[in-house]
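The structure file structure05.cif is reproduced below (mmCIF, C-alpha atoms).
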```
data_final
loop_
_atom_site.label_atom_id
_atom_site.label_comp_id
_atom_site.auth_asym_id
_atom_site.auth_seq_id
_atom_site.Cartn_x
_atom_site.Cartn_y
_atom_site.Cartn_z
CA MET T 1 -75.00 -52.76 32.72
CA LEU T 2 -76.45 -53.20 36.14
CA ASN T 3 -80.16 -52.93 36.56
CA ARG T 4 -81.67 -50.94 39.42
CA ARG T 5 -81.92 -53.88 41.82
CA GLY T 6 -78.28 -54.86 41.22
CA LEU T 7 -77.15 -51.26 41.69
CA LEU T 8 -79.16 -50.94 44.90
CA ARG T 9 -77.68 -54.20 46.22
CA THR T 10 -74.17 -52.95 45.43
CA PHE T 11 -74.72 -49.67 47.30
CA ALA T 12 -76.25 -51.49 50.28
CA THR T 13 -73.22 -53.79 50.46
CA LEU T 14 -70.85 -50.83 50.31
CA GLY T 15 -72.82 -49.07 53.06
CA VAL T 16 -72.61 -52.08 55.38
CA ALA T 17 -68.88 -52.44 54.69
CA MET T 18 -68.31 -48.77 55.53
CA VAL T 19 -70.19 -49.12 58.85
CA VAL T 20 -68.10 -52.15 59.83
CA VAL T 21 -64.82 -50.45 58.93
CA MET T 22 -65.72 -47.15 60.59
CA GLY T 23 -66.86 -48.91 63.78
CA SER T 24 -63.48 -50.53 64.22
CA VAL T 25 -61.69 -47.24 63.47
CA PHE T 26 -63.36 -45.41 66.37
CA ALA T 27 -62.35 -48.02 68.96
CA ASP T 28 -59.01 -47.34 70.66
CA GLU T 29 -56.40 -49.91 71.59
CA LEU T 30 -54.33 -49.87 74.75
CA MET T 31 -51.30 -52.08 75.28
CA GLY T 32 -50.03 -52.53 78.80
CA VAL T 33 -50.12 -54.46 82.04
CA ILE T 34 -53.12 -54.87 84.36
CA THR T 35 -51.85 -53.98 87.84
CA LYS T 36 -55.12 -53.63 89.79
CA VAL T 37 -58.60 -55.09 89.54
CA ASP T 38 -61.59 -53.58 91.35
CA ALA T 39 -64.30 -56.22 90.93
CA ASP T 40 -66.92 -54.25 92.90
CA ALA T 41 -66.58 -51.11 90.76
CA LYS T 42 -65.92 -53.16 87.57
CA LYS T 43 -62.69 -51.27 86.85
CA ILE T 44 -59.16 -52.33 86.00
CA THR T 45 -56.00 -50.27 86.22
CA VAL T 46 -53.56 -50.67 83.34
CA VAL T 47 -50.01 -49.33 83.15
CA GLU T 48 -49.67 -48.25 79.53
CA LYS T 49 -46.74 -49.72 77.63
CA GLY T 50 -44.08 -47.17 76.78
CA THR T 51 -45.39 -44.35 78.97
CA ASP T 52 -45.81 -46.09 82.36
CA LYS T 53 -48.97 -44.01 82.78
CA GLU T 54 -51.81 -45.58 84.79
CA VAL T 55 -55.11 -45.76 82.91
CA VAL T 56 -58.37 -46.81 84.58
CA VAL T 57 -60.67 -48.75 82.25
CA GLN T 58 -64.28 -49.63 82.99
CA VAL T 59 -65.51 -53.14 82.11
CA ASN T 60 -69.09 -54.32 81.74
CA ASP T 61 -70.97 -57.60 81.38
CA ASP T 62 -70.34 -57.61 77.61
CA THR T 63 -66.55 -57.26 77.91
CA GLU T 64 -64.85 -60.20 76.25
CA TYR T 65 -61.65 -61.72 77.70
CA VAL T 66 -59.52 -63.57 75.13
CA THR T 67 -56.71 -65.97 76.04
CA LYS T 68 -54.86 -68.63 74.08
CA LYS T 69 -57.48 -71.09 75.40
CA GLY T 70 -60.39 -69.16 73.91
CA SER T 71 -62.80 -66.30 74.47
CA ASN T 72 -65.27 -65.76 77.34
CA LYS T 73 -67.08 -62.99 79.16
CA ILE T 74 -64.75 -61.38 81.70
CA ASP T 75 -64.57 -62.81 85.24
CA LEU T 76 -63.04 -60.07 87.39
CA GLU T 77 -62.45 -62.30 90.42
CA LYS T 78 -60.48 -64.74 88.28
CA LEU T 79 -58.56 -61.89 86.65
CA GLU T 80 -57.77 -60.45 90.08
CA LYS T 81 -56.25 -63.82 91.10
CA GLN T 82 -54.19 -63.92 87.88
CA VAL T 83 -52.81 -60.43 88.57
CA ALA T 84 -51.93 -61.35 92.17
CA LYS T 85 -50.22 -64.55 90.98
CA ALA T 86 -48.19 -62.64 88.39
CA GLN T 87 -47.15 -60.07 91.00
CA GLU T 88 -46.07 -62.86 93.38
CA LYS T 89 -43.77 -64.08 90.62
CA GLY T 90 -42.13 -60.66 90.46
CA ARG T 91 -43.95 -59.28 87.41
CA LYS T 92 -45.93 -56.02 87.30
CA GLY T 93 -49.15 -57.84 86.42
CA VAL T 94 -50.87 -59.43 83.42
CA GLY T 95 -49.91 -58.21 79.92
CA VAL T 96 -52.93 -57.25 77.81
CA LYS T 97 -54.16 -55.50 74.69
CA ILE T 98 -57.46 -53.71 75.38
CA THR T 99 -59.92 -52.54 72.77
CA HIS T 100 -62.04 -49.77 74.26
CA GLU T 101 -64.22 -46.82 73.43
CA LYS T 102 -64.36 -43.87 75.85
CA ALA T 103 -62.52 -45.91 78.52
CA VAL T 104 -65.08 -48.76 78.43
CA ALA T 105 -63.45 -52.03 77.39
CA SER T 106 -65.14 -54.20 74.79
CA LYS T 107 -62.34 -56.75 74.44
CA ILE T 108 -59.31 -57.63 76.55
CA GLU T 109 -56.70 -59.92 75.01
CA ALA T 110 -54.10 -61.57 77.22
CA VAL T 111 -50.65 -61.11 75.71
CA ALA T 112 -48.24 -63.97 76.36
CA LYS T 113 -44.73 -63.12 77.50
CA LYS T 114 -42.10 -63.94 74.91
CA ALA T 115 -39.76 -66.66 76.04
CA ALA T 116 -36.18 -65.65 76.73
CA PRO T 117 -33.83 -66.79 73.94
CA ALA T 118 -31.87 -69.92 74.79
CA ASN T 119 -28.10 -69.58 74.78
#
```
Could you write out this structure as structure tokens?
Amino acid sequence: MLNRRGLLRTFATLGVAMVVVMGSVFADELMGVITKVDADAKKITVVEKGTDKEVVVQVNDDTEYVTKKGSNKIDLEKLEKQVAKAQEKGRKGVGVKITHEKAVASKIEAVAKKAAPAN
């Protein structure tokens, strides 16, 4: 049998686990391609994958940008250059997966293009 302290500790652990799980449930994910970056307004325009609908997402100083090289706070000027470079190469922009809540991004993950199969 658990004593009171052990029971209280068990309930506290369950409560913390529920908060962590519920917090991640409320955040939305958006897959698509960044086509425009407005560094002054701290907004990015993403064309949603599958629907081709443009979605404007706000970023803030806490927005995290994740690439295969690691994770950093977002640098909109650098991202704007990446989008322009991708568009010069004939692509729509930079492929991303965005975690956001109420159109404010908390995390932006760069999605690498899959290599074409070799024949």
Exercise for the section: Record the distance separating atom CA of T:Ile74 and atom CA of T:Val33, expressed in Å with one decimal. Expected result: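 Interatomic distance, atom CA of T:Ile74 to atom CA of T:Val33: 16.2 Å.
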Exercise for the section: Using the chain letters and numbers from the file, give me the residues hit by the PyMOL selection byres ((chain T and resi 76-85) around 8), as a list in words. Expected result: Ile34, Thr35, Lys36, Val37, Asp38, Ala39, Lys42, Ile74, Asp75, Ala86, Gln87, Glu88, Lys89, Gly93 and Val94 of chain T
Exercise for the section: Quote the spacing between atom CA of T:Lys102 and atom CA of T:Thr51 in Å to one decimal place. Expected result: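 For atom CA of T:Lys102 relative to atom CA of T:Thr51, the distance reads 19.2 Å.
The residue set within 6 Å of T:Lys97, counting all atoms listed in the file and dropping same-chain residues fewer than 5 places from it, reads Leu30, Met31, Ile108 and Glu109 of chain T.
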Exercise for the section: Report the residues retrieved by the PyMOL selection byres ((chain T and resi 63) around 8) from the displayed file, expressed as number ranges by chain. Expected result: T: 59-62, 64-65, 73-74, 105-108
Completion exercise
Using all atoms listed in the file, the shortest atom-to-atom distance to T:Val57 among T:Ala41, T:Leu7, T:Leu14, T:Ala110 belongs to T:Ala41
Handout entry: Counting only C-alpha atoms, the residue of T:Lys49, T:Arg9, T:Gly32, T:Thr67 that sits nearest T:Gly95
Key =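 With only C-alpha atoms as the atom set, the closest residue is T:Gly32.
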Problem - Interatomic distance (Å, one decimal) between atom CA of T:Gly90 and atom CA of T:Val66 - result: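 Going from atom CA of T:Gly90 over to atom CA of T:Val66 covers 23.4 Å.
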Practice task
Determine the residue membership of the PyMOL selection byres ((chain T and resi 55) around 10) for the file above and supply it as a list of chain:residue names.
Solution key: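 When the PyMOL selection byres ((chain T and resi 55) around 10) is applied to the shown file, the picked residues are T:Leu30, T:Gly32, T:Ile34, T:Ile44, T:Thr45, T:Val46, T:Val47, T:Glu48, T:Asp52, T:Lys53, T:Glu54, T:Val56, T:Val57, T:Gln58, T:Ala103.
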Can those selected residues be exported to a file as a PDB file, keeping the file's coordinate frame so that it contains C-alpha atoms?
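As a result, again.pdb now contains:
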```pdb
ATOM      1  CA  LEU T  30     -54.330 -49.870  74.750  1.00  0.00           C
ATOM      2  CA  GLY T  32     -50.030 -52.530  78.800  1.00  0.00           C
ATOM      3  CA  ILE T  34     -53.120 -54.870  84.360  1.00  0.00           C
ATOM      4  CA  ILE T  44     -59.160 -52.330  86.000  1.00  0.00           C
ATOM      5  CA  THR T  45     -56.000 -50.270  86.220  1.00  0.00           C
ATOM      6  CA  VAL T  46     -53.560 -50.670  83.340  1.00  0.00           C
ATOM      7  CA  VAL T  47     -50.010 -49.330  83.150  1.00  0.00           C
ATOM      8  CA  GLU T  48     -49.670 -48.250  79.530  1.00  0.00           C
ATOM      9  CA  ASP T  52     -45.810 -46.090  82.360  1.00  0.00           C
ATOM     10  CA  LYS T  53     -48.970 -44.010  82.780  1.00  0.00           C
ATOM     11  CA  GLU T  54     -51.810 -45.580  84.790  1.00  0.00           C
ATOM     12  CA  VAL T  56     -58.370 -46.810  84.580  1.00  0.00           C
ATOM     13  CA  VAL T  57     -60.670 -48.750  82.250  1.00  0.00           C
ATOM     14  CA  GLN T  58     -64.280 -49.630  82.990  1.00  0.00           C
ATOM     15  CA  ALA T 103     -62.520 -45.910  78.520  1.00  0.00           C
TER      16      ALA T 103
END
```
